[in-house]
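**Student:** Let me begin by handing over the structure; questions about it come next.
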Amino acid sequence: MASLITKSTTRVAQGVLKRIEHVASSLGGIPSTFAVYKPDVCQYQKLPVVYWLSGLTCTDENFSQKAGAFQAACDNKVVLVMPDTSPRGEGVPDEDPKVYDFGVGAGFYVDATTDKYKKHFNMYSYITKELPDIIESNFNVAPVRSVSGHSMGGHGALTIALKNPDRYTSVSAFAPICNPMNVPWGTKALKLYLGDDKEAWKQYDACELIKSYKGRDLHILCDQGTGDNFLSAEVNQLQPLAFMQAAQDAKVPVTFRMQAGYDHSYYFMSTFIGEHIAHHARLLHARMNA
């Protein structure tokens with residue numbers, strides 16, 4: 001059993017938020033912090049888990065402090081787990097000079113293969129294997145899970161679910177980076193983490209993955225604000241239309257809502273997070289009761 005250190009405990013809504021530190025073997029054996037929110041009803045029954053993946057520059061704390069999700073978690077009887085967005089700390093490599101869209105705070109939810117980054121930057125394995133094992137071994141939750149995220153985290157949620165439909169009941173995203181192979185954020189990250197072979201990049205691109213997806217319905221739900229500066233600026237970093245077209249061509253059901261006027265911030269997410277949690281909860285509880 002992993003050794004877990006509780007860094008803080010906070011009462012919020014009808015439950016408790018804890019920030020936990022542990023040594024992450026997937027991330028090169030460095031300390032990593034995640035947060036877990038358990039509604040009080042966890043004392044009496046095992047609840048399913050929704051994993052939240054945050055975006056560029058974030059830590060485990062951004063969602064907890066800004067999304068306003070905890071009442072919805074209580075109302076819908078789900079546990080929330082919020083990991084960090086990358087390894088960080090002494091010995092973790094990064095670019096020099098530091099940039100906001102790569103390295104520490106920007107793990108892109110891949111398993112790196114380049115020599116500089118392959119020891120520490122394995123967020124894909126951490127999110128899909130190591131962290132769920134820790135949660136399900138230590139927190140008395142049901143082994144049933146969904147995944148959601150924002151921007152880089154939306155990219156992570158979509159790619160992780162599309163690659164692991166047996167492990168995730170549903171997936172949702174806010175303003176996801178849908179086609180990283182074809183936008184500056186993604187091409188920088190994928191090249192530095194994975195090298196020059198663009199065939200290797202495809203396994204971390206939601207547009208590419210959905211083209212060949214043959215798994216069960218993941219009940220994909222995405223929200224994108226029409227006032228998002230990363231959508232409407234000179235460079236469209238998000239490419240929602242490419243994802244919708246790829247899904248349509250592959251005949252994979254997707255609900256993709258363009259929300260009028262909303263930007264890329266947590267104001268947008270806090271408006272619709274309750275709907276996303278309810279979406280996952282309905283499907284998670286149905287699966288548990290099947």
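Chain identifiers are assigned as A, B, and so on, following the order in which chains appear in the structure tokens; residues are numbered from 1 within each chain, and ligands are numbered from 1 in order of appearance.
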Show me, as a list in words, the residues that have an atom within 7 Å of segment 231-245 of chain A when counting only C-alpha atoms, minus same-chain residues fewer than 6 positions from it.
**Tutor:**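 Skipping anything fewer than 6 positions along the chain leaves Ala175, Pro176, Ile177, Cys178, Asn179, Val183, Pro184, Trp185 and Cys207 of chain A.
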**Student:** Using DSSP assignments from the backbone, pull out every residue in segment 63-199 of chain A that falls under helix (DSSP H, G or I) and give it to me as a ChimeraX atom specification.
**Tutor:** /A:63-66,70-76,123-138,152-163,180-182,184-194,198-199
**Student:** Quick check, in Å to one decimal: how far apart do atom CA of Lys77 of chain A and atom CA of Tyr126 of chain A lie?
**Tutor:**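 So the answer is 24.9 Å.
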**Student:** Counting only C-alpha atoms, what are the residues of segment 124-201 of chain A within 12 Å of segment 46-55 of chain A, and for each of them which pair of atoms is the nearest and at what distance in Å, to one decimal? Sort the table by chain and rising number, as a tab-separated table.
**Tutor:**
```
residue	atom	partner	partner_atom	distance
A:Tyr124	CA	A:Leu53	CA	11.1
A:Tyr126	CA	A:Leu53	CA	11.8
A:Ile127	CA	A:Tyr51	CA	8.6
A:Thr128	CA	A:Tyr51	CA	10.0
A:Leu131	CA	A:Tyr51	CA	9.8
A:Pro132	CA	A:Tyr51	CA	9.1
A:Ile135	CA	A:Val49	CA	9.0
A:Glu136	CA	A:Val49	CA	9.3
A:Phe139	CA	A:Lys46	CA	9.1
A:Asn140	CA	A:Lys46	CA	6.1
A:Val141	CA	A:Lys46	CA	4.7
A:Ala142	CA	A:Pro48	CA	4.9
A:Pro143	CA	A:Pro48	CA	6.7
A:Val144	CA	A:Pro48	CA	5.2
A:Arg145	CA	A:Val49	CA	4.7
A:Ser146	CA	A:Val50	CA	4.8
A:Val147	CA	A:Tyr51	CA	4.7
A:Ser148	CA	A:Trp52	CA	5.0
A:Gly149	CA	A:Leu53	CA	4.4
A:His150	CA	A:Ser54	CA	5.5
A:Ser151	CA	A:Gly55	CA	5.2
A:Met152	CA	A:Gly55	CA	4.5
A:Gly153	CA	A:Leu53	CA	4.4
A:Gly154	CA	A:Leu53	CA	7.0
A:His155	CA	A:Gly55	CA	9.0
A:Gly156	CA	A:Leu53	CA	7.0
A:Ala157	CA	A:Leu53	CA	6.8
A:Leu158	CA	A:Leu53	CA	10.4
A:Thr159	CA	A:Leu53	CA	11.7
A:Ile160	CA	A:Leu53	CA	10.6
A:Ala161	CA	A:Tyr51	CA	11.2
A:Arg167	CA	A:Val49	CA	11.6
A:Tyr168	CA	A:Val50	CA	9.4
A:Thr169	CA	A:Val50	CA	9.7
A:Ser170	CA	A:Val50	CA	9.3
A:Val171	CA	A:Val50	CA	9.2
A:Ser172	CA	A:Trp52	CA	9.6
A:Ala173	CA	A:Leu53	CA	9.2
A:Phe174	CA	A:Gly55	CA	10.0
A:Ala175	CA	A:Gly55	CA	9.9
A:Pro176	CA	A:Gly55	CA	9.1
A:Ile177	CA	A:Gly55	CA	9.7
A:Trp185	CA	A:Gly55	CA	11.7
```
**Student:** Tell me, in Å to one decimal, how far atom CA of Cys42 of chain A is from atom CA of Ser64 of chain A.
**Tutor:**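 Answer for the atom CA of Cys42 of chain A to atom CA of Ser64 of chain A separation: 18.8 Å.
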**Student:** Might you pull out every residue within 6 Å of segment 259-270 of chain A, with only C-alpha atoms counted and same-chain residues fewer than 3 positions away left off, and present them as a VMD selection string?
**Tutor:** chain A and resid 67 to 68 224 to 228 273
**Student:** Could you turn the residues from that selection into a file that holds N, CA and C atoms, as a JSON list (two decimals), in the first residue's frame?
**Tutor:**
```json
[["chain", "number", "residue", "atom", "x", "y", "z"],
["A", 67, "ALA", "N", -13.83, 25.91, -9.47],
["A", 67, "ALA", "CA", -14.87, 25.30, -10.30],
["A", 67, "ALA", "C", -16.23, 25.26, -9.63],
["A", 68, "GLY", "N", -16.28, 25.30, -8.29],
["A", 68, "GLY", "CA", -17.56, 25.23, -7.60],
["A", 68, "GLY", "C", -18.26, 23.89, -7.80],
["A", 224, "GLN", "N", -17.73, 24.05, -25.41],
["A", 224, "GLN", "CA", -16.75, 25.01, -25.92],
["A", 224, "GLN", "C", -17.39, 26.39, -25.96],
["A", 225, "GLY", "N", -16.74, 27.38, -25.35],
["A", 225, "GLY", "CA", -17.24, 28.74, -25.39],
["A", 225, "GLY", "C", -16.91, 29.41, -26.71],
["A", 226, "THR", "N", -17.88, 30.12, -27.28],
["A", 226, "THR", "CA", -17.62, 30.80, -28.55],
["A", 226, "THR", "C", -16.76, 32.04, -28.38],
["A", 227, "GLY", "N", -16.64, 32.55, -27.15],
["A", 227, "GLY", "CA", -15.80, 33.70, -26.87],
["A", 227, "GLY", "C", -14.41, 33.34, -26.39],
["A", 228, "ASP", "N", -14.01, 32.10, -26.56],
["A", 228, "ASP", "CA", -12.71, 31.60, -26.12],
["A", 228, "ASP", "C", -11.61, 32.19, -27.00],
["A", 273, "ILE", "N", -20.22, 22.94, -14.84],
["A", 273, "ILE", "CA", -19.63, 21.77, -14.20],
["A", 273, "ILE", "C", -20.70, 20.89, -13.55]]
```
**Student:** Looking at only C-alpha atoms, which of A:Ser25, A:Gly186, A:Asp75, A:Lys198 is the one that sits closest to His120 of chain A?
**Tutor:**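 The answer is A:Ser25, which sits nearest to His120 of chain A.
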